[in-house]
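What follows is a short report on a single structure.
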Amino acid sequence: MKIDFAPRSVRRAWFHIHPAVLALAGVGLLLCAGAAFGGWQLAAQKREREHQLQHLQARVAAMSARPVEVTKAAIPEAQATFVNGAIRQLNLPWRELQDAVLTATPRTVALIAMEPDAGKRILKITAETKNSDDMVAYVEGLKEQESFTSVMLSRHEINEQDPNRPLRFQLEATWLAR
């Protein structure tokens with residue numbers, strides 16, 4: 001039996017607390033201090049990130065308010081003409097023109113060349129046939145094509161040096177602008 005006649009005091013309470021409880025209290029105190037320090041660091045990081053965000057938003061607002069400066073490059077007239085001509089050549093409706101010509105070309109006509117002029121929208125066609133009736137029928141067939149607004153026979157000649165004496169002719173077909 002334990003008899004203790006000492007008056008109640010803090011010193012007496014400390015004396016009766018088990019050392020393991022004191023050790024656990026010390027560890028708990030250290031953990032609380034570590035958590036407080038970690039929270040303080042997280043709050044500091046949050047404040048820093050908010051400051052950076054405000055700085056970036058201010059920069060974005062300043063950049064969007066400023067008009068975009070477009071540098072104007074001086075292109076020589078000759079170069080601009082050349083580039084525009086190349087673009088017109090690239091934008092030719094090749095497939096449509098070729099389909100229209102091939103649709104109207106009978107077996108009796110041999111195509112030799114097709115030369116487009118994008119500026120004038122004219123397609124020069126050189127072909128050969130055995131007689132003038134086939135040539136006239138071919139010109140009429142091209143006139144019926146929807147892709148061409150006009151078809152004109154520009155020249156024709158008989159090749160006397162060839163034993164078959166083919167009739168070589170050239171025509172100009174103006175195509176529709178689309």
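Following the order of the structure tokens, first chain is A, next is B, and so on, with residues numbered from 1 inside each chain and ligands from 1 in the order they appear.
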Practice problem: From the DSSP assignment of the backbone, select every residue of segment 126-172 of chain A that is strand (DSSP E or B), and format the answer as an NGL selection string. | Solution: :A and (126-129 or 148-158 or 167-172)
Quiz item: Quick one: residues within 10 Å of Asn159 of chain A, only C-alpha atoms counted, chain neighbours fewer than 6 positions away excluded, as a ChimeraX atom specification?
Solution: /A:128,165-168
Exercise. Once DSSP has gone over the backbone, tell me which residues of chain A are in helix (DSSP H, G or I), as a PyMOL selection string.
Key: chain A and resi 10-16+19-65+77-90+94-104+132-143
Quiz prompt | Nearest candidate to Tyr138 of chain A (options A:Met1, A:Leu153, A:Ala104, A:Met114; using only C-alpha atoms) | solution =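 The answer is A:Ala104, which sits nearest to Tyr138 of chain A.
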Quiz item: How many Å lie between atom CA of Trp175 of chain A and atom CA of Asp134 of chain A, rounded to one decimal?
Solution: 22.4 Å
Exercise. Excluding Gly85 of chain A and any residue of its chain fewer than 3 positions from it, enumerate the residues within 8 Å of it, using only C-alpha atoms, and give them as number ranges by chain.
Key: A: 81-82, 88-89, 118-119
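The shortest atom-to-atom distance to Val101 of chain A, with only C-alpha atoms taken into account, belongs to A:Glu172 out of A:Gly38, A:Glu172, A:Lys2, A:Pro67.
We find atom CA of Thr129 of chain A and atom CA of Arg155 of chain A to be spaced 13.6 Å apart.
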